[in-house]
$ cat my_file.cif   # mmCIF, C-alpha atoms and all ligand atoms
data_query
loop_
_atom_site.label_atom_id
_atom_site.label_comp_id
_atom_site.auth_asym_id
_atom_site.auth_seq_id
_atom_site.Cartn_x
_atom_site.Cartn_y
_atom_site.Cartn_z
CA MET A 1 2.71 -22.63 -11.20
CA ALA A 2 3.81 -21.03 -7.96
CA TYR A 3 4.99 -24.42 -6.77
CA ALA A 4 7.01 -25.32 -9.87
CA ASP A 5 10.80 -25.32 -9.43
CA MET A 6 11.42 -23.46 -12.68
CA PRO A 7 11.87 -19.86 -13.86
CA LEU A 8 8.60 -17.99 -14.58
CA PRO A 9 8.07 -14.92 -16.79
CA ILE A 10 7.64 -11.61 -14.92
CA GLY A 11 7.36 -9.35 -18.00
CA ALA A 12 9.83 -7.24 -20.02
CA GLY A 13 11.71 -10.33 -21.19
CA ALA A 14 12.67 -11.23 -17.62
CA THR A 15 11.99 -14.28 -15.49
CA ILE A 16 11.99 -14.86 -11.77
CA SER A 17 14.66 -17.47 -11.16
CA ALA A 18 13.71 -21.00 -10.17
CA PRO A 19 13.45 -21.47 -6.39
CA HIS A 20 16.40 -23.89 -6.32
CA MET A 21 18.57 -21.29 -8.12
CA HIS A 22 17.64 -18.61 -5.58
CA ALA A 23 18.52 -21.06 -2.82
CA ILE A 24 21.93 -21.76 -4.38
CA MET A 25 22.72 -18.06 -4.90
CA LEU A 26 21.57 -17.07 -1.41
CA ASP A 27 23.53 -19.94 0.13
CA LEU A 28 26.69 -18.72 -1.62
CA ALA A 29 26.04 -15.26 -0.12
CA ALA A 30 25.11 -16.32 3.41
CA SER A 31 28.62 -16.41 4.92
CA ARG A 32 29.24 -12.76 3.94
CA ILE A 33 26.05 -11.30 5.38
CA GLN A 34 26.59 -9.73 8.77
CA SER A 35 24.98 -6.95 10.73
CA GLY A 36 25.69 -3.72 8.86
CA SER A 37 26.54 -5.41 5.53
CA HIS A 38 25.73 -3.66 2.29
CA VAL A 39 24.32 -5.95 -0.40
CA LEU A 40 23.79 -5.10 -4.06
CA ASP A 41 21.25 -7.17 -6.02
CA VAL A 42 21.86 -6.49 -9.72
CA GLY A 43 18.92 -7.38 -11.97
CA SER A 44 16.57 -7.44 -8.98
CA GLY A 45 13.54 -8.25 -11.18
CA SER A 46 10.66 -9.41 -9.00
CA GLY A 47 12.45 -8.23 -5.85
CA TYR A 48 12.27 -11.72 -4.34
CA CYS A 49 16.01 -12.06 -3.80
CA THR A 50 16.26 -8.47 -2.58
CA ALA A 51 13.65 -9.19 0.10
CA VAL A 52 15.37 -12.42 1.18
CA PHE A 53 18.67 -10.55 1.51
CA ALA A 54 16.87 -8.05 3.77
CA GLU A 55 15.54 -10.91 5.91
CA MET A 56 19.08 -12.36 6.09
CA LEU A 57 20.39 -8.99 7.32
CA ARG A 58 17.69 -8.87 9.97
CA ALA A 59 18.53 -12.41 11.06
CA ALA A 60 22.28 -11.72 11.26
CA PRO A 61 23.67 -11.66 14.82
CA GLY A 62 23.26 -8.12 16.13
CA GLY A 63 21.32 -7.42 12.95
CA ALA A 64 18.11 -5.71 14.00
CA GLY A 65 17.81 -4.29 10.51
CA ARG A 66 21.30 -2.77 10.34
CA GLY A 67 22.87 -2.74 6.90
CA LYS A 68 21.17 -2.20 3.59
CA VAL A 69 20.13 -4.02 0.43
CA TYR A 70 20.16 -2.15 -2.87
CA GLY A 71 18.17 -3.73 -5.67
CA ILE A 72 18.82 -2.34 -9.15
CA ASP A 73 17.04 -3.18 -12.40
CA HIS A 74 16.91 -1.28 -15.69
CA VAL A 75 13.21 -2.00 -16.38
CA ALA A 76 11.24 0.71 -14.53
CA PRO A 77 7.89 -1.19 -14.46
CA LEU A 78 9.66 -4.21 -12.97
CA VAL A 79 11.15 -2.03 -10.25
CA GLU A 80 7.64 -0.68 -9.52
CA GLN A 81 6.33 -4.25 -9.41
CA SER A 82 9.12 -5.30 -7.05
CA ARG A 83 8.34 -2.30 -4.84
CA ALA A 84 4.71 -3.48 -4.63
CA ASN A 85 5.83 -7.07 -3.97
CA ILE A 86 8.13 -6.02 -1.13
CA ARG A 87 5.55 -3.60 0.29
CA GLY A 88 3.06 -6.48 0.30
CA HIS A 89 5.55 -8.65 2.17
CA ASP A 90 6.60 -6.04 4.73
CA PRO A 91 6.26 -2.28 4.15
CA THR A 92 8.81 -1.47 6.88
CA MET A 93 11.57 -2.89 4.68
CA LEU A 94 11.19 0.11 2.38
CA GLU A 95 10.08 2.66 4.98
CA SER A 96 13.07 2.01 7.23
CA GLY A 97 15.55 2.22 4.37
CA LEU A 98 16.65 -1.41 4.87
CA VAL A 99 15.79 -1.90 1.19
CA GLU A 100 16.29 0.63 -1.59
CA LEU A 101 15.13 -0.09 -5.15
CA ILE A 102 16.79 1.74 -8.02
CA VAL A 103 16.03 2.01 -11.73
CA GLY A 104 19.33 1.99 -13.58
CA ASP A 105 21.97 0.13 -15.53
CA GLY A 106 23.30 -2.44 -13.08
CA ARG A 107 26.45 -2.94 -15.16
CA ARG A 108 27.76 0.19 -13.45
CA GLY A 109 27.06 -1.34 -10.04
CA TYR A 110 25.67 1.31 -7.69
CA HIS A 111 28.32 3.61 -6.38
CA PRO A 112 26.37 5.33 -3.53
CA GLY A 113 26.08 2.06 -1.56
CA ALA A 114 29.64 0.79 -2.13
CA PRO A 115 31.60 -1.01 -0.87
CA TYR A 116 29.43 -4.13 -0.77
CA GLN A 117 29.95 -7.31 1.22
CA VAL A 118 27.82 -9.10 -1.38
CA ILE A 119 27.17 -8.26 -5.01
CA HIS A 120 24.63 -10.70 -6.42
CA VAL A 121 24.02 -10.60 -10.15
CA GLY A 122 20.74 -12.22 -11.18
CA ALA A 123 21.49 -11.95 -14.92
CA MET A 124 24.08 -13.56 -17.19
CA VAL A 125 27.32 -11.74 -18.05
CA GLU A 126 27.79 -12.63 -21.70
CA ASP A 127 31.26 -11.23 -22.30
CA ILE A 128 33.43 -9.75 -19.58
CA ILE A 129 32.60 -9.00 -15.94
CA PRO A 130 31.89 -5.26 -15.57
CA GLN A 131 34.81 -3.58 -13.80
CA PRO A 132 32.55 -1.69 -11.30
CA PHE A 133 31.54 -5.01 -9.71
CA LEU A 134 35.17 -5.57 -8.69
CA GLU A 135 35.78 -1.96 -7.74
CA GLN A 136 32.68 -1.86 -5.52
CA LEU A 137 33.37 -5.16 -3.72
CA ALA A 138 34.48 -4.67 -0.09
CA PRO A 139 37.60 -6.42 1.21
CA GLY A 140 36.27 -9.80 2.36
CA GLY A 141 33.25 -9.39 0.07
CA ARG A 142 31.88 -11.83 -2.50
CA LEU A 143 30.62 -11.29 -6.04
CA ILE A 144 28.18 -13.99 -7.16
CA VAL A 145 27.71 -13.83 -10.90
CA PRO A 146 26.71 -16.09 -13.79
CA VAL A 147 29.32 -15.70 -16.55
CA GLN A 148 28.87 -17.30 -19.97
CA GLY A 149 26.77 -20.16 -18.63
CA MET A 150 28.87 -20.75 -15.51
CA LEU A 151 27.96 -19.68 -11.98
CA MET A 152 31.04 -17.98 -10.49
CA THR A 153 31.98 -16.55 -7.13
CA ILE A 154 34.76 -13.96 -6.96
CA ASP A 155 35.99 -13.21 -3.45
CA ASN A 156 37.95 -10.15 -2.48
CA THR A 157 40.34 -11.85 -0.06
CA ALA A 158 41.59 -8.48 1.25
CA GLU A 159 45.21 -9.58 0.90
CA PRO A 160 47.47 -6.75 -0.21
CA THR A 161 49.47 -7.35 -3.37
CA ASN A 162 51.93 -5.35 -5.41
CA GLU A 163 51.01 -7.14 -8.61
CA PRO A 164 49.79 -4.86 -11.38
CA ALA A 165 46.05 -4.56 -11.84
CA PRO A 166 44.69 -6.85 -14.53
CA SER A 167 42.18 -5.71 -17.08
CA THR A 168 38.74 -7.26 -16.87
CA GLU A 169 39.70 -9.21 -20.00
CA GLN A 170 42.56 -10.80 -18.08
CA LEU A 171 40.28 -11.45 -15.12
CA PHE A 172 37.80 -13.07 -17.41
CA ALA A 173 40.50 -15.23 -18.95
CA HIS A 174 41.21 -16.47 -15.43
CA THR A 175 37.63 -16.98 -14.39
CA ASN A 176 36.92 -18.78 -17.59
CA ALA A 177 39.78 -21.23 -17.17
CA LEU A 178 38.72 -23.71 -14.54
CA GLY A 179 41.41 -24.34 -11.96
CA VAL A 180 43.03 -20.90 -12.06
CA PRO A 181 42.27 -19.70 -8.55
CA THR A 182 43.56 -16.15 -8.12
CA VAL A 183 44.00 -12.90 -9.97
CA ALA A 184 45.31 -9.59 -8.72
CA PHE A 185 43.43 -6.31 -8.85
CA PRO A 186 44.68 -2.90 -7.73
CA THR A 187 45.39 -3.49 -4.04
CA HIS A 188 43.51 -6.66 -3.32
CA ARG A 189 43.63 -10.26 -4.36
CA PHE A 190 40.62 -12.00 -5.86
CA TYR A 191 39.83 -15.67 -5.53
CA THR A 192 37.53 -17.09 -8.15
CA GLU A 193 35.59 -20.33 -8.18
CA SER A 194 33.30 -21.95 -10.75
CA HIS A 195 30.31 -23.74 -9.32
CA MET A 196 27.92 -25.11 -11.94
CA GLY A 197 26.45 -24.53 -15.37
CA VAL A 198 23.44 -22.18 -15.29
CA ALA A 199 21.02 -20.36 -17.65
CA PHE A 200 19.94 -16.76 -16.93
CA VAL A 201 18.36 -13.76 -18.63
CA PRO A 202 21.30 -11.79 -20.12
CA LEU A 203 22.80 -8.73 -18.40
CA THR A 204 22.35 -6.42 -21.34
CA ASP A 205 21.09 -3.12 -22.76
CA LEU A 206 17.49 -2.19 -22.01
CA ALA A 207 16.75 -1.87 -25.75
CA GLU A 208 18.16 -5.31 -26.46
CA GLN A 209 16.14 -6.93 -23.66
CA THR A 210 12.84 -5.32 -24.59
CA SER A 211 13.23 -5.67 -28.38
CA GLY A 212 11.31 -8.94 -28.31
CA ARG A 213 14.12 -10.73 -30.12
CA THR A 214 14.76 -13.98 -28.34
CA ARG A 215 18.33 -14.97 -28.09
CA PRO A 216 19.70 -18.14 -26.59
CA THR A 217 22.32 -17.74 -23.87
CA ARG A 218 25.74 -18.26 -25.34
CA ILE A 219 27.51 -20.95 -23.38
CA LEU A 220 31.13 -20.50 -24.38
CA TRP A 221 32.93 -22.40 -21.66
CA MET A 222 31.73 -25.71 -23.03
CA GLY A 223 32.51 -24.74 -26.57
CA PHE A 224 28.97 -24.55 -27.97
N1 LIG B 1 16.62 -12.21 -9.32
C1 LIG B 1 15.61 -11.76 -10.24
C2 LIG B 1 16.07 -12.10 -11.63
C3 LIG B 1 15.29 -11.45 -12.71
S1 LIG B 1 15.84 -11.88 -14.36
C4 LIG B 1 14.31 -12.49 -9.93
O1 LIG B 1 14.38 -13.66 -9.61
O2 LIG B 1 13.23 -11.89 -10.01
C5 LIG B 1 17.17 -10.77 -14.63
C6 LIG B 1 16.87 -9.32 -14.42
O3 LIG B 1 18.03 -8.59 -14.82
C7 LIG B 1 15.72 -8.79 -15.26
O4 LIG B 1 14.76 -8.23 -14.40
C8 LIG B 1 16.36 -7.73 -16.15
O5 LIG B 1 15.52 -6.61 -16.37
C9 LIG B 1 17.61 -7.37 -15.36
N2 LIG B 1 18.70 -6.79 -16.14
C10 LIG B 1 19.27 -7.25 -17.28
N3 LIG B 1 20.25 -6.43 -17.70
C11 LIG B 1 20.31 -5.41 -16.79
C12 LIG B 1 21.12 -4.24 -16.67
N4 LIG B 1 22.05 -3.92 -17.57
N5 LIG B 1 20.91 -3.43 -15.61
C13 LIG B 1 19.94 -3.71 -14.69
N6 LIG B 1 19.14 -4.81 -14.75
C14 LIG B 1 19.33 -5.65 -15.78
#

$ encode --input "my_file.cif" --output "structure tokens" --more "lines below"
Ligand code: SAH
Amino acid sequence: MAYADMPLPIGAGATISAPHMHAIMLDLAASRIQSGSHVLDVGSGSGYCTAVFAEMLRAAPGGAGRGKVYGIDHVAPLVEQSRANIRGHDPTMLESGLVELIVGDGRRGYHPGAPYQVIHVGAMVEDIIPQPFLEQLAPGGRLIVPVQGMLMTIDNTAEPTNEPAPSTEQLFAHTNALGVPTVAFPTHRFYTESHMGVAFVPLTDLAEQTSGRTRPTRILWMGF
């Protein structure tokens, strides 16, 4: 099973993403990871992606472990499991503070580590992108997020703008309409791109996820 390129169950209604999907997500993040970067991994699950982000920080020029990766997941036993996984890989990641694992609702982002050069969301946004993701994205940073069956990147281009801030509903209207490249948000301009259709565990309430009810991902952008 460990060699299959498919998602595998890790408990609590979650799956570890397929290796090719991790590769795609990490590749989309790579250009933003520099020495000293802060990375937020929302829905960190197994901790695999969190650990790879930490290795990417170490490998960044001048890196030497500067910067920090925050992994957040709302299922406490999964966070414990990810802690054990990462400790098994390299205990210094946790001991040095290069990696911090948090139990919490990732839809609020994680304010103490903001702003982030990369916010990676390993779960599917089913309605609108949570506002904290945009608020906590550093100028020049990138949000990588599956939204309604579509893998999106949203870049904070750091360009000043006087345009009024859009609501997340307006942002979503833009991100959902292929070919609409920019939206404005308080003082920065965001550039959005759609990459490919994807399936993910939903970014949802803890009760909903652990209720045992199975629920297919709604894929609205294709109209079914
Ligand atoms: N990248 C992870 C993906 C795990 S699946 C991996 O490959 O292991 C998605 C994860 O998102 C699950 O662990 C689930 O518990 C978590 N999740 C879903 N909604 C969440 C929320 N509101 N806050 C935090 N984590 C959430």

$ closest_residue --input "my_file.cif" --among "A:His22, A:Arg87, A:Arg58, A:His111" --to "ligand LIG 1 (chain B)" --atoms "all atoms listed in the file"
A:His22

$ closest_residue --input "my_file.cif" --among "A:Arg83, A:Arg142, A:Lys68, A:His74" --to "Ser31 in chain A" --atoms "all atoms listed in the file"
A:Arg142

$ atom_distance --input "my_file.cif" --atom1 "CA of Phe190 in chain A" --atom2 "atom N5 of ligand LIG 1 (chain B)"
23.6 Å

$ atom_distance --input "my_file.cif" --atom1 "CA of Glu208 in chain A" --atom2 "CA of Pro130 in chain A"
17.5 Å

$ closest_residue --input "my_file.cif" --among "A:Met93, A:Asp41, A:Leu57, A:Ser46" --to "Leu78 in chain A" --atoms "only C-alpha atoms"
A:Ser46

$ closest_atom_pairs --input "my_file.cif" --of "chain A" --to "ligand LIG 1 (chain B)" --cutoff "8 Å" --atoms "all atoms listed in the file" --output "tab-separated table"
residue	atom	partner	partner_atom	distance
A:Pro7	CA	B:LIG1	O1	7.9
A:Ile10	CA	B:LIG1	O2	7.4
A:Ala12	CA	B:LIG1	O5	6.8
A:Gly13	CA	B:LIG1	O5	7.2
A:Ala14	CA	B:LIG1	C7	4.6
A:Thr15	CA	B:LIG1	S1	4.7
A:Ile16	CA	B:LIG1	O1	3.4
A:Ser17	CA	B:LIG1	O1	4.1
A:Ala18	CA	B:LIG1	O1	7.4
A:His22	CA	B:LIG1	O1	7.2
A:Asp41	CA	B:LIG1	N1	7.6
A:Val42	CA	B:LIG1	N6	6.0
A:Gly43	CA	B:LIG1	O3	3.2
A:Ser44	CA	B:LIG1	C1	4.6
A:Gly45	CA	B:LIG1	O4	3.4
A:Ser46	CA	B:LIG1	O2	3.7
A:Gly47	CA	B:LIG1	O2	5.6
A:Tyr48	CA	B:LIG1	O2	5.8
A:Cys49	CA	B:LIG1	N1	5.6
A:Thr50	CA	B:LIG1	N1	7.7
A:Ile72	CA	B:LIG1	C13	5.8
A:Asp73	CA	B:LIG1	N6	3.5
A:His74	CA	B:LIG1	C13	4.0
A:Val75	CA	B:LIG1	O5	5.2
A:Leu78	CA	B:LIG1	O4	6.6
A:Val103	CA	B:LIG1	C13	7.5
A:Gly104	CA	B:LIG1	C13	5.8
A:Asp105	CA	B:LIG1	N5	3.7
A:Gly106	CA	B:LIG1	N5	3.6
A:Arg107	CA	B:LIG1	N4	5.1
A:Val121	CA	B:LIG1	N1	7.6
A:Gly122	CA	B:LIG1	N1	4.5
A:Ala123	CA	B:LIG1	C5	4.5
A:Met124	CA	B:LIG1	C5	7.9
A:Phe200	CA	B:LIG1	S1	6.9
A:Val201	CA	B:LIG1	C5	5.1
A:Pro202	CA	B:LIG1	C10	5.7
A:Leu203	CA	B:LIG1	N3	3.5
A:Thr204	CA	B:LIG1	N3	4.2
A:Asp205	CA	B:LIG1	N4	5.3
A:Leu206	CA	B:LIG1	N4	6.6
A:Gln209	CA	B:LIG1	C10	7.1

$ closest_residue --input "my_file.cif" --among "A:Asn85, A:Gln34, A:Thr157, A:Thr92" --to "Ala59 in chain A" --atoms "all atoms listed in the file"
A:Gln34

$ residues_around --input "my_file.cif" --residues "Val145 in chain A" --least-positions-apart "2" --cutoff "9 Å" --atoms "all atoms listed in the file" --output "list in words"
Met25, Ile119, His120, Val121, Gly122, Ala123, Met124, Val125, Ile129, Leu143, Val147, Met150, Leu151, Met152, Thr153 and Ile154 of chain A

$ atom_distance --input "my_file.cif" --atom1 "CA of Gly71 in chain A" --atom2 "CA of Gly149 in chain A"
22.6 Å

$ residues_around --input "my_file.cif" --residues "Asn156 in chain A" --least-positions-apart "3" --cutoff "7 Å" --atoms "only C-alpha atoms" --output "MDAnalysis selection string"
chainID A and resid 137:142 188:191

$ write_last_selection --input "my_file.cif" --atoms "C-alpha atoms" --output "PDB file, in the coordinates of the input"
ATOM      1  CA  LEU A 137      33.370  -5.160  -3.720  1.00  0.00           C
ATOM      2  CA  ALA A 138      34.480  -4.670  -0.090  1.00  0.00           C
ATOM      3  CA  PRO A 139      37.600  -6.420   1.210  1.00  0.00           C
ATOM      4  CA  GLY A 140      36.270  -9.800   2.360  1.00  0.00           C
ATOM      5  CA  GLY A 141      33.250  -9.390   0.070  1.00  0.00           C
ATOM      6  CA  ARG A 142      31.880 -11.830  -2.500  1.00  0.00           C
ATOM      7  CA  HIS A 188      43.510  -6.660  -3.320  1.00  0.00           C
ATOM      8  CA  ARG A 189      43.630 -10.260  -4.360  1.00  0.00           C
ATOM      9  CA  PHE A 190      40.620 -12.000  -5.860  1.00  0.00           C
ATOM     10  CA  TYR A 191      39.830 -15.670  -5.530  1.00  0.00           C
TER      11      TYR A 191
END

$ axis_aligned_box --input "my_file.cif" --around "range 109-115 of chain A" --padding-each-side "6 Å" --output "AutoDock Vina command-line options"
--center_x 28.6 --center_y 2.0 --center_z -5.5 --size_x 17.9 --size_y 18.7 --size_z 21.2

$ closest_residue --input "my_file.cif" --among "A:Val118, A:Ala4, A:Ala158, A:Ala51" --to "Gly36 in chain A" --atoms "all atoms listed in the file"
A:Val118

$ residues_around --input "my_file.cif" --residues "Ser35 in chain A" --least-positions-apart "3" --cutoff "12 Å" --atoms "all atoms listed in the file" --output "PyMOL selection string"
chain A and resi 30-32+38-39+53-69+98+117

$ write_last_selection --input "my_file.cif" --atoms "C-alpha atoms" --output "PDB file, in the coordinates of the input"
ATOM      1  CA  ALA A  30      25.110 -16.320   3.410  1.00  0.00           C
ATOM      2  CA  SER A  31      28.620 -16.410   4.920  1.00  0.00           C
ATOM      3  CA  ARG A  32      29.240 -12.760   3.940  1.00  0.00           C
ATOM      4  CA  HIS A  38      25.730  -3.660   2.290  1.00  0.00           C
ATOM      5  CA  VAL A  39      24.320  -5.950  -0.400  1.00  0.00           C
ATOM      6  CA  PHE A  53      18.670 -10.550   1.510  1.00  0.00           C
ATOM      7  CA  ALA A  54      16.870  -8.050   3.770  1.00  0.00           C
ATOM      8  CA  GLU A  55      15.540 -10.910   5.910  1.00  0.00           C
ATOM      9  CA  MET A  56      19.080 -12.360   6.090  1.00  0.00           C
ATOM     10  CA  LEU A  57      20.390  -8.990   7.320  1.00  0.00           C
ATOM     11  CA  ARG A  58      17.690  -8.870   9.970  1.00  0.00           C
ATOM     12  CA  ALA A  59      18.530 -12.410  11.060  1.00  0.00           C
ATOM     13  CA  ALA A  60      22.280 -11.720  11.260  1.00  0.00           C
ATOM     14  CA  PRO A  61      23.670 -11.660  14.820  1.00  0.00           C
ATOM     15  CA  GLY A  62      23.260  -8.120  16.130  1.00  0.00           C
ATOM     16  CA  GLY A  63      21.320  -7.420  12.950  1.00  0.00           C
ATOM     17  CA  ALA A  64      18.110  -5.710  14.000  1.00  0.00           C
ATOM     18  CA  GLY A  65      17.810  -4.290  10.510  1.00  0.00           C
ATOM     19  CA  ARG A  66      21.300  -2.770  10.340  1.00  0.00           C
ATOM     20  CA  GLY A  67      22.870  -2.740   6.900  1.00  0.00           C
ATOM     21  CA  LYS A  68      21.170  -2.200   3.590  1.00  0.00           C
ATOM     22  CA  VAL A  69      20.130  -4.020   0.430  1.00  0.00           C
ATOM     23  CA  LEU A  98      16.650  -1.410   4.870  1.00  0.00           C
ATOM     24  CA  GLN A 117      29.950  -7.310   1.220  1.00  0.00           C
TER      25      GLN A 117
END

$ decode --input "my_file.cif" --residues "range 88-99 of chain A" --atoms "N, CA and C atoms" --output "CSV table (one decimal), in the first residue's frame"
chain,number,residue,atom,x,y,z
A,88,GLY,N,9.7,10.5,14.7
A,88,GLY,CA,10.4,9.3,14.1
A,88,GLY,C,11.3,9.6,12.9
A,89,HIS,N,10.9,10.7,12.2
A,89,HIS,CA,11.7,11.1,11.0
A,89,HIS,C,12.9,11.9,11.5
A,90,ASP,N,12.7,12.8,12.4
A,90,ASP,CA,13.8,13.6,12.9
A,90,ASP,C,13.4,14.4,14.1
A,91,PRO,N,13.7,14.0,15.3
A,91,PRO,CA,13.2,14.7,16.5
A,91,PRO,C,13.6,16.1,16.6
A,92,THR,N,14.7,16.5,16.0
A,92,THR,CA,15.2,17.9,16.1
A,92,THR,C,14.2,18.9,15.5
A,93,MET,N,13.4,18.4,14.5
A,93,MET,CA,12.5,19.3,13.9
A,93,MET,C,11.6,19.9,14.9
A,94,LEU,N,11.1,19.1,15.9
A,94,LEU,CA,10.2,19.6,16.9
A,94,LEU,C,11.0,20.3,18.0
A,95,GLU,N,12.1,19.7,18.4
A,95,GLU,CA,12.9,20.2,19.6
A,95,GLU,C,13.4,21.6,19.3
A,96,SER,N,13.8,21.8,18.0
A,96,SER,CA,14.4,23.1,17.7
A,96,SER,C,13.3,24.2,17.4
A,97,GLY,N,12.1,23.8,17.3
A,97,GLY,CA,11.0,24.7,17.1
A,97,GLY,C,10.9,25.0,15.6
A,98,LEU,N,11.6,24.3,14.7
A,98,LEU,CA,11.4,24.4,13.3
A,98,LEU,C,10.0,24.1,12.9
A,99,VAL,N,9.4,23.1,13.6
A,99,VAL,CA,8.1,22.6,13.3
A,99,VAL,C,7.2,22.8,14.6
